[in-house]
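Worksheet for the structure shown next.
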Amino acid sequence: MNQKIRIKLQSYDYNLVDKSADKIVKTVKATGAVVSGPIPLPTHKRIFTVNRSTFVNKKSREQFQLFSYKRLIDIYSSTANTVDALMKLELPSGVGVEIKV
């Protein structure tokens, strides 16, 4: 096959992303492919400001934060066994996986 596979992981919990990336790297290395990563991409931080009450105390506000963590894994010199191992791999439900060939 000898094609480059790029896996992009995204989650709101950094523990899930790191554990999933380690799991992917271990399975790919077991098949004999060359792995580059996991490379941490910049954390996306969103801040929401909400009024505490509806009518009175307009200056009283609350702020919430939402962090998005991303990791990038490149796989070189992959074989059919590598692709099969990736397809059988089960990851936690809070992790978004995007695979590009």
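Labeling convention for the structure tokens: chains A, B, ... as they appear, residues from 1 per chain, ligands from 1 in order of appearance.
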
All residues 12 Å or closer to A:Lys100, only C-alpha atoms, same chain fewer than 5 positions away omitted, as an MDAnalysis selection string: chainID A and resid 3:9 72:75

Counting only C-alpha atoms, closest pick from A:Ser93, A:Gln65, A:Ser77, A:Asn15 relative to A:His44 is A:Gln65

Test item, strand (DSSP E) assignment across stretch 10-97 of chain A, answer as an MDAnalysis selection string: chainID A and resid 10:11 34:51 61:76 96:97

Dump N, CA and C atoms for the selected residues as a short mmCIF file (atom, residue, chain, number, x, y, z; two decimals), in the first residue's frame?
data_model
loop_
_atom_site.label_atom_id
_atom_site.label_comp_id
_atom_site.auth_asym_id
_atom_site.auth_seq_id
_atom_site.Cartn_x
_atom_site.Cartn_y
_atom_site.Cartn_z
N GLN A 10 -10.25 14.70 18.12
CA GLN A 10 -10.76 15.92 18.76
C GLN A 10 -11.71 15.53 19.88
N SER A 11 -11.59 16.24 21.03
CA SER A 11 -12.45 15.97 22.16
C SER A 11 -12.46 17.17 23.09
N VAL A 34 5.30 2.94 10.33
CA VAL A 34 6.02 4.05 10.93
C VAL A 34 5.02 5.12 11.35
N VAL A 35 5.12 5.58 12.62
CA VAL A 35 4.16 6.54 13.16
C VAL A 35 4.87 7.84 13.50
N SER A 36 4.24 8.94 13.15
CA SER A 36 4.72 10.26 13.54
C SER A 36 3.63 10.91 14.38
N GLY A 37 3.91 11.14 15.65
CA GLY A 37 2.92 11.77 16.49
C GLY A 37 2.72 11.01 17.77
N PRO A 38 1.77 11.35 18.56
CA PRO A 38 0.72 12.35 18.36
C PRO A 38 1.23 13.77 18.53
N ILE A 39 0.85 14.62 17.60
CA ILE A 39 1.25 16.02 17.61
C ILE A 39 0.09 16.83 18.19
N PRO A 40 0.30 17.55 19.30
CA PRO A 40 -0.79 18.36 19.86
C PRO A 40 -1.01 19.62 19.04
N LEU A 41 -2.23 19.82 18.59
CA LEU A 41 -2.60 21.03 17.88
C LEU A 41 -3.08 22.07 18.89
N PRO A 42 -3.15 23.33 18.51
CA PRO A 42 -3.56 24.36 19.47
C PRO A 42 -4.95 24.11 20.05
N THR A 43 -5.08 24.40 21.35
CA THR A 43 -6.35 24.23 22.05
C THR A 43 -7.28 25.38 21.70
N HIS A 44 -8.50 25.04 21.33
CA HIS A 44 -9.49 26.06 20.99
C HIS A 44 -10.32 26.36 22.24
N LYS A 45 -10.37 27.61 22.64
CA LYS A 45 -11.05 28.02 23.87
C LYS A 45 -12.21 28.94 23.51
N ARG A 46 -13.42 28.54 23.92
CA ARG A 46 -14.59 29.38 23.69
C ARG A 46 -15.14 29.83 25.03
N ILE A 47 -15.44 31.11 25.14
CA ILE A 47 -15.97 31.68 26.39
C ILE A 47 -17.38 32.20 26.11
N PHE A 48 -18.32 31.81 26.98
CA PHE A 48 -19.70 32.25 26.87
C PHE A 48 -20.02 33.12 28.08
N THR A 49 -20.60 34.29 27.85
CA THR A 49 -21.01 35.18 28.93
C THR A 49 -22.54 35.21 28.95
N VAL A 50 -23.11 34.96 30.15
CA VAL A 50 -24.56 34.85 30.31
C VAL A 50 -24.99 35.74 31.47
N ASN A 51 -26.13 36.40 31.30
CA ASN A 51 -26.70 37.16 32.42
C ASN A 51 -27.18 36.21 33.50
N ARG A 61 -23.05 38.97 35.76
CA ARG A 61 -22.93 38.00 34.67
C ARG A 61 -22.10 36.81 35.09
N GLU A 62 -22.25 35.73 34.33
CA GLU A 62 -21.51 34.50 34.59
C GLU A 62 -20.79 34.10 33.30
N GLN A 63 -19.56 33.57 33.45
CA GLN A 63 -18.82 33.15 32.27
C GLN A 63 -18.52 31.65 32.34
N PHE A 64 -18.66 31.00 31.19
CA PHE A 64 -18.38 29.57 31.06
C PHE A 64 -17.32 29.39 29.97
N GLN A 65 -16.48 28.37 30.14
CA GLN A 65 -15.43 28.09 29.17
C GLN A 65 -15.62 26.69 28.59
N LEU A 66 -15.29 26.55 27.32
CA LEU A 66 -15.35 25.27 26.65
C LEU A 66 -14.05 25.09 25.86
N PHE A 67 -13.24 24.10 26.24
CA PHE A 67 -11.97 23.84 25.59
C PHE A 67 -12.12 22.68 24.62
N SER A 68 -11.47 22.79 23.47
CA SER A 68 -11.46 21.73 22.48
C SER A 68 -10.01 21.32 22.23
N TYR A 69 -9.68 20.05 22.51
CA TYR A 69 -8.32 19.53 22.39
C TYR A 69 -8.21 18.69 21.13
N LYS A 70 -7.08 18.84 20.41
CA LYS A 70 -6.88 18.12 19.16
C LYS A 70 -5.50 17.49 19.12
N ARG A 71 -5.41 16.32 18.49
CA ARG A 71 -4.14 15.63 18.28
C ARG A 71 -4.09 15.15 16.82
N LEU A 72 -2.88 15.10 16.29
CA LEU A 72 -2.67 14.70 14.90
C LEU A 72 -1.68 13.54 14.86
N ILE A 73 -2.02 12.48 14.14
CA ILE A 73 -1.15 11.31 14.01
C ILE A 73 -0.98 11.00 12.52
N ASP A 74 0.27 10.89 12.08
CA ASP A 74 0.57 10.51 10.70
C ASP A 74 1.14 9.10 10.69
N ILE A 75 0.65 8.28 9.76
CA ILE A 75 1.11 6.90 9.61
C ILE A 75 1.70 6.74 8.23
N TYR A 76 2.98 6.33 8.19
CA TYR A 76 3.67 6.12 6.92
C TYR A 76 3.90 4.63 6.71
N GLY A 96 -13.84 12.46 18.69
CA GLY A 96 -14.15 12.54 17.27
C GLY A 96 -12.93 12.16 16.46
N VAL A 97 -13.08 11.25 15.49
CA VAL A 97 -11.96 10.77 14.70
C VAL A 97 -12.20 11.12 13.24
#

Ranking A:Ala85, A:Leu91, A:Val56, A:Ile99 by minimum distance to A:Lys29 and counting only C-alpha atoms, which one comes first?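 Of the candidates, the smallest distance to A:Lys29 is held by A:Ala85.
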
Could you tell me how far atom CA of A:Val101 lies from atom CA of A:Asp13, in Å and to one decimal?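 These atoms are spaced 26.1 Å apart.
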
Find the residues around A:Ala80 up to 12 Å (only C-alpha atoms counted), leave out those fewer than 2 positions away in its own chain, and share them as an mmCIF file with C-alpha atoms, in the first residue's frame.
data_model
loop_
_atom_site.group_PDB
_atom_site.id
_atom_site.type_symbol
_atom_site.label_atom_id
_atom_site.label_comp_id
_atom_site.auth_asym_id
_atom_site.auth_seq_id
_atom_site.Cartn_x
_atom_site.Cartn_y
_atom_site.Cartn_z
ATOM 1 C CA MET A 1 0.000 0.000 0.000
ATOM 2 C CA ASN A 2 2.646 2.524 1.120
ATOM 3 C CA GLN A 3 0.302 5.456 1.510
ATOM 4 C CA VAL A 28 -0.115 0.811 14.485
ATOM 5 C CA THR A 31 1.631 -3.902 12.712
ATOM 6 C CA GLY A 32 5.057 -2.562 11.720
ATOM 7 C CA ALA A 33 4.125 0.826 10.259
ATOM 8 C CA SER A 77 4.308 2.862 5.035
ATOM 9 C CA SER A 78 1.004 1.337 6.088
ATOM 10 C CA THR A 82 -2.493 -1.638 9.643
ATOM 11 C CA VAL A 83 -5.797 -0.595 8.081
ATOM 12 C CA ASP A 84 -7.545 -3.692 9.482
ATOM 13 C CA ALA A 85 -6.175 -3.006 12.969
ATOM 14 C CA LEU A 86 -7.402 0.602 12.797
ATOM 15 C CA MET A 87 -10.872 -0.483 11.674
#

Go through A:Pro92, A:Glu98, A:Ser60, A:Phe55 one by one, measure the shortest atom-to-atom distance of each to A:Lys23 using only C-alpha atoms, and give the residue with the smallest value. A:Pro92

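Note that atom CA of A:Ala30 and atom CA of A:Val95 are 22.3 Å apart.
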
Check chain A with DSSP on the backbone and list each residue it calls alpha helix (DSSP H), as an mmCIF file with all heavy atoms, in the first residue's frame.
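And here is the file that came out, states_20.cif:
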data_model
loop_
_atom_site.group_PDB
_atom_site.id
_atom_site.type_symbol
_atom_site.label_atom_id
_atom_site.label_comp_id
_atom_site.auth_asym_id
_atom_site.auth_seq_id
_atom_site.Cartn_x
_atom_site.Cartn_y
_atom_site.Cartn_z
ATOM 1 N N TYR A 14 -9.124 16.270 27.603
ATOM 2 C CA TYR A 14 -7.771 15.974 27.134
ATOM 3 C C TYR A 14 -7.325 14.559 27.510
ATOM 4 O O TYR A 14 -6.504 13.964 26.809
ATOM 5 C CB TYR A 14 -6.767 17.004 27.649
ATOM 6 C CG TYR A 14 -6.508 16.955 29.129
ATOM 7 C CD1 TYR A 14 -5.457 16.214 29.638
ATOM 8 C CD2 TYR A 14 -7.310 17.654 30.020
ATOM 9 C CE1 TYR A 14 -5.216 16.167 30.998
ATOM 10 C CE2 TYR A 14 -7.077 17.612 31.381
ATOM 11 C CZ TYR A 14 -6.028 16.870 31.858
ATOM 12 O OH TYR A 14 -5.795 16.822 33.204
ATOM 13 N N ASN A 15 -7.866 14.000 28.598
ATOM 14 C CA ASN A 15 -7.502 12.629 28.968
ATOM 15 C C ASN A 15 -7.959 11.627 27.913
ATOM 16 O O ASN A 15 -7.223 10.687 27.575
ATOM 17 C CB ASN A 15 -8.116 12.257 30.324
ATOM 18 C CG ASN A 15 -7.401 12.931 31.476
ATOM 19 O OD1 ASN A 15 -6.194 13.137 31.419
ATOM 20 N ND2 ASN A 15 -8.146 13.274 32.501
ATOM 21 N N LEU A 16 -9.171 11.815 27.397
ATOM 22 C CA LEU A 16 -9.689 10.908 26.366
ATOM 23 C C LEU A 16 -8.856 10.982 25.086
ATOM 24 O O LEU A 16 -8.571 9.967 24.459
ATOM 25 C CB LEU A 16 -11.148 11.252 26.044
ATOM 26 C CG LEU A 16 -12.191 10.899 27.090
ATOM 27 C CD1 LEU A 16 -13.568 11.354 26.631
ATOM 28 C CD2 LEU A 16 -12.198 9.418 27.344
ATOM 29 N N VAL A 17 -8.450 12.197 24.722
ATOM 30 C CA VAL A 17 -7.662 12.362 23.496
ATOM 31 C C VAL A 17 -6.302 11.697 23.645
ATOM 32 O O VAL A 17 -5.843 10.989 22.746
ATOM 33 C CB VAL A 17 -7.497 13.866 23.165
ATOM 34 C CG1 VAL A 17 -6.556 14.058 22.004
ATOM 35 C CG2 VAL A 17 -8.823 14.483 22.847
ATOM 36 N N ASP A 18 -5.656 11.893 24.785
ATOM 37 C CA ASP A 18 -4.332 11.308 24.992
ATOM 38 C C ASP A 18 -4.385 9.788 25.051
ATOM 39 O O ASP A 18 -3.538 9.099 24.459
ATOM 40 C CB ASP A 18 -3.703 11.858 26.271
ATOM 41 C CG ASP A 18 -3.312 13.324 26.129
ATOM 42 O OD1 ASP A 18 -3.105 13.775 24.979
ATOM 43 O OD2 ASP A 18 -3.222 14.010 27.162
ATOM 44 N N LYS A 19 -5.375 9.232 25.744
ATOM 45 C CA LYS A 19 -5.502 7.778 25.821
ATOM 46 C C LYS A 19 -5.807 7.166 24.452
ATOM 47 O O LYS A 19 -5.270 6.119 24.096
ATOM 48 C CB LYS A 19 -6.585 7.404 26.824
ATOM 49 C CG LYS A 19 -6.180 7.636 28.264
ATOM 50 C CD LYS A 19 -7.285 7.285 29.217
ATOM 51 C CE LYS A 19 -6.893 7.620 30.650
ATOM 52 N NZ LYS A 19 -7.988 7.361 31.598
ATOM 53 N N SER A 20 -6.672 7.836 23.685
ATOM 54 C CA SER A 20 -7.005 7.338 22.351
ATOM 55 C C SER A 20 -5.794 7.393 21.431
ATOM 56 O O SER A 20 -5.552 6.468 20.651
ATOM 57 C CB SER A 20 -8.139 8.163 21.748
ATOM 58 O OG SER A 20 -9.277 8.082 22.558
ATOM 59 N N ALA A 21 -5.010 8.472 21.511
ATOM 60 C CA ALA A 21 -3.818 8.602 20.675
ATOM 61 C C ALA A 21 -2.797 7.525 21.030
ATOM 62 O O ALA A 21 -2.188 6.922 20.134
ATOM 63 C CB ALA A 21 -3.210 9.989 20.852
ATOM 64 N N ASP A 22 -2.610 7.250 22.317
ATOM 65 C CA ASP A 22 -1.680 6.191 22.728
ATOM 66 C C ASP A 22 -2.141 4.826 22.232
ATOM 67 O O ASP A 22 -1.326 4.008 21.787
ATOM 68 C CB ASP A 22 -1.535 6.167 24.251
ATOM 69 C CG ASP A 22 -0.776 7.367 24.786
ATOM 70 O OD1 ASP A 22 -0.044 8.004 23.997
ATOM 71 O OD2 ASP A 22 -0.916 7.659 25.984
ATOM 72 N N LYS A 23 -3.448 4.598 22.289
ATOM 73 C CA LYS A 23 -4.005 3.321 21.830
ATOM 74 C C LYS A 23 -3.769 3.136 20.325
ATOM 75 O O LYS A 23 -3.378 2.060 19.873
ATOM 76 C CB LYS A 23 -5.502 3.311 22.136
ATOM 77 C CG LYS A 23 -6.137 1.973 22.195
ATOM 78 C CD LYS A 23 -7.598 2.162 22.563
ATOM 79 C CE LYS A 23 -8.102 0.996 23.349
ATOM 80 N NZ LYS A 23 -9.527 1.119 23.668
ATOM 81 N N ILE A 24 -3.982 4.204 19.556
ATOM 82 C CA ILE A 24 -3.780 4.142 18.111
ATOM 83 C C ILE A 24 -2.311 3.908 17.788
ATOM 84 O O ILE A 24 -1.968 3.076 16.942
ATOM 85 C CB ILE A 24 -4.298 5.434 17.437
ATOM 86 C CG1 ILE A 24 -5.825 5.476 17.489
ATOM 87 C CG2 ILE A 24 -3.827 5.530 15.998
ATOM 88 C CD1 ILE A 24 -6.428 6.771 17.015
ATOM 89 N N VAL A 25 -1.409 4.627 18.469
ATOM 90 C CA VAL A 25 0.028 4.491 18.208
ATOM 91 C C VAL A 25 0.500 3.081 18.527
ATOM 92 O O VAL A 25 1.277 2.479 17.765
ATOM 93 C CB VAL A 25 0.822 5.549 19.004
ATOM 94 C CG1 VAL A 25 2.305 5.244 18.991
ATOM 95 C CG2 VAL A 25 0.561 6.932 18.450
ATOM 96 N N LYS A 26 0.027 2.503 19.631
ATOM 97 C CA LYS A 26 0.442 1.145 19.998
ATOM 98 C C LYS A 26 -0.017 0.114 18.965
ATOM 99 O O LYS A 26 0.735 -0.785 18.595
ATOM 100 C CB LYS A 26 -0.100 0.777 21.374
ATOM 101 C CG LYS A 26 0.641 1.445 22.505
ATOM 102 C CD LYS A 26 0.060 1.047 23.841
ATOM 103 C CE LYS A 26 0.747 1.800 24.970
ATOM 104 N NZ LYS A 26 0.165 1.482 26.285
ATOM 105 N N THR A 27 -1.266 0.222 18.498
ATOM 106 C CA THR A 27 -1.766 -0.753 17.529
ATOM 107 C C THR A 27 -1.068 -0.609 16.183
ATOM 108 O O THR A 27 -0.798 -1.614 15.513
ATOM 109 C CB THR A 27 -3.287 -0.620 17.344
ATOM 110 O OG1 THR A 27 -3.600 0.715 16.973
ATOM 111 C CG2 THR A 27 -4.027 -0.992 18.589
ATOM 112 N N VAL A 28 -0.772 0.608 15.787
ATOM 113 C CA VAL A 28 -0.115 0.811 14.485
ATOM 114 C C VAL A 28 1.336 0.340 14.538
ATOM 115 O O VAL A 28 1.823 -0.273 13.591
ATOM 116 C CB VAL A 28 -0.214 2.291 14.072
ATOM 117 C CG1 VAL A 28 0.658 2.584 12.881
ATOM 118 C CG2 VAL A 28 -1.657 2.650 13.765
ATOM 119 N N LYS A 29 2.024 0.601 15.647
ATOM 120 C CA LYS A 29 3.406 0.141 15.770
ATOM 121 C C LYS A 29 3.479 -1.382 15.830
ATOM 122 O O LYS A 29 4.463 -1.975 15.381
ATOM 123 C CB LYS A 29 4.064 0.740 17.013
ATOM 124 C CG LYS A 29 4.518 2.167 16.819
ATOM 125 C CD LYS A 29 5.308 2.658 18.002
ATOM 126 C CE LYS A 29 5.806 4.073 17.766
ATOM 127 N NZ LYS A 29 6.586 4.587 18.896
ATOM 128 N N ALA A 30 2.447 -2.019 16.365
ATOM 129 C CA ALA A 30 2.425 -3.479 16.427
ATOM 130 C C ALA A 30 2.334 -4.104 15.033
ATOM 131 O O ALA A 30 2.799 -5.223 14.814
ATOM 132 C CB ALA A 30 1.264 -3.950 17.289
ATOM 133 N N THR A 31 1.740 -3.377 14.077
ATOM 134 C CA THR A 31 1.631 -3.902 12.712
ATOM 135 C C THR A 31 2.882 -3.617 11.886
ATOM 136 O O THR A 31 2.998 -4.103 10.765
ATOM 137 C CB THR A 31 0.409 -3.300 11.989
ATOM 138 O OG1 THR A 31 0.562 -1.880 11.926
ATOM 139 C CG2 THR A 31 -0.873 -3.658 12.700
ATOM 140 N N ALA A 80 -1.978 -3.540 4.697
ATOM 141 C CA ALA A 80 -3.375 -3.939 4.854
ATOM 142 C C ALA A 80 -3.670 -4.306 6.306
ATOM 143 O O ALA A 80 -4.770 -4.066 6.811
ATOM 144 C CB ALA A 80 -3.699 -5.103 3.935
ATOM 145 N N ASN A 81 -2.669 -4.880 7.001
ATOM 146 C CA ASN A 81 -2.855 -5.217 8.415
ATOM 147 C C ASN A 81 -3.046 -3.971 9.266
ATOM 148 O O ASN A 81 -3.804 -3.985 10.233
ATOM 149 C CB ASN A 81 -1.642 -6.002 8.925
ATOM 150 C CG ASN A 81 -1.536 -7.360 8.288
ATOM 151 O OD1 ASN A 81 -2.538 -7.909 7.828
ATOM 152 N ND2 ASN A 81 -0.328 -7.903 8.236
ATOM 153 N N THR A 82 -2.358 -2.893 8.905
ATOM 154 C CA THR A 82 -2.493 -1.638 9.643
ATOM 155 C C THR A 82 -3.910 -1.088 9.524
ATOM 156 O O THR A 82 -4.517 -0.683 10.511
ATOM 157 C CB THR A 82 -1.485 -0.600 9.112
ATOM 158 O OG1 THR A 82 -0.183 -1.152 9.127
ATOM 159 C CG2 THR A 82 -1.523 0.654 9.940
ATOM 160 N N VAL A 83 -4.438 -1.104 8.309
ATOM 161 C CA VAL A 83 -5.797 -0.595 8.081
ATOM 162 C C VAL A 83 -6.816 -1.466 8.808
ATOM 163 O O VAL A 83 -7.767 -0.953 9.419
ATOM 164 C CB VAL A 83 -6.095 -0.523 6.566
ATOM 165 C CG1 VAL A 83 -7.531 -0.093 6.325
ATOM 166 C CG2 VAL A 83 -5.127 0.433 5.891
ATOM 167 N N ASP A 84 -6.630 -2.789 8.776
ATOM 168 C CA ASP A 84 -7.545 -3.692 9.482
ATOM 169 C C ASP A 84 -7.500 -3.463 10.987
ATOM 170 O O ASP A 84 -8.541 -3.467 11.652
ATOM 171 C CB ASP A 84 -7.197 -5.152 9.171
ATOM 172 C CG ASP A 84 -7.555 -5.540 7.744
ATOM 173 O OD1 ASP A 84 -8.403 -4.837 7.141
ATOM 174 O OD2 ASP A 84 -6.979 -6.520 7.243
ATOM 175 N N ALA A 85 -6.304 -3.248 11.530
ATOM 176 C CA ALA A 85 -6.175 -3.006 12.969
ATOM 177 C C ALA A 85 -6.844 -1.692 13.365
ATOM 178 O O ALA A 85 -7.468 -1.605 14.431
ATOM 179 C CB ALA A 85 -4.708 -2.988 13.367
ATOM 180 N N LEU A 86 -6.750 -0.677 12.505
ATOM 181 C CA LEU A 86 -7.402 0.602 12.797
ATOM 182 C C LEU A 86 -8.922 0.494 12.725
ATOM 183 O O LEU A 86 -9.640 1.143 13.488
ATOM 184 C CB LEU A 86 -6.917 1.690 11.835
ATOM 185 C CG LEU A 86 -5.513 2.219 12.072
ATOM 186 C CD1 LEU A 86 -5.115 3.171 10.951
ATOM 187 C CD2 LEU A 86 -5.438 2.917 13.409
ATOM 188 N N MET A 87 -9.422 -0.330 11.810
ATOM 189 C CA MET A 87 -10.872 -0.483 11.674
ATOM 190 C C MET A 87 -11.461 -1.233 12.866
ATOM 191 O O MET A 87 -12.591 -0.973 13.274
ATOM 192 C CB MET A 87 -11.214 -1.224 10.383
ATOM 193 C CG MET A 87 -10.824 -0.470 9.133
ATOM 194 S SD MET A 87 -11.621 1.122 8.993
ATOM 195 C CE MET A 87 -13.230 0.639 8.486
ATOM 196 N N LYS A 88 -10.708 -2.157 13.451
ATOM 197 C CA LYS A 88 -11.198 -2.943 14.581
ATOM 198 C C LYS A 88 -11.029 -2.235 15.918
ATOM 199 O O LYS A 88 -11.574 -2.682 16.928
ATOM 200 C CB LYS A 88 -10.469 -4.289 14.629
ATOM 201 C CG LYS A 88 -10.797 -5.190 13.465
ATOM 202 C CD LYS A 88 -10.026 -6.478 13.531
ATOM 203 C CE LYS A 88 -10.316 -7.347 12.312
ATOM 204 N NZ LYS A 88 -9.507 -8.565 12.314
#
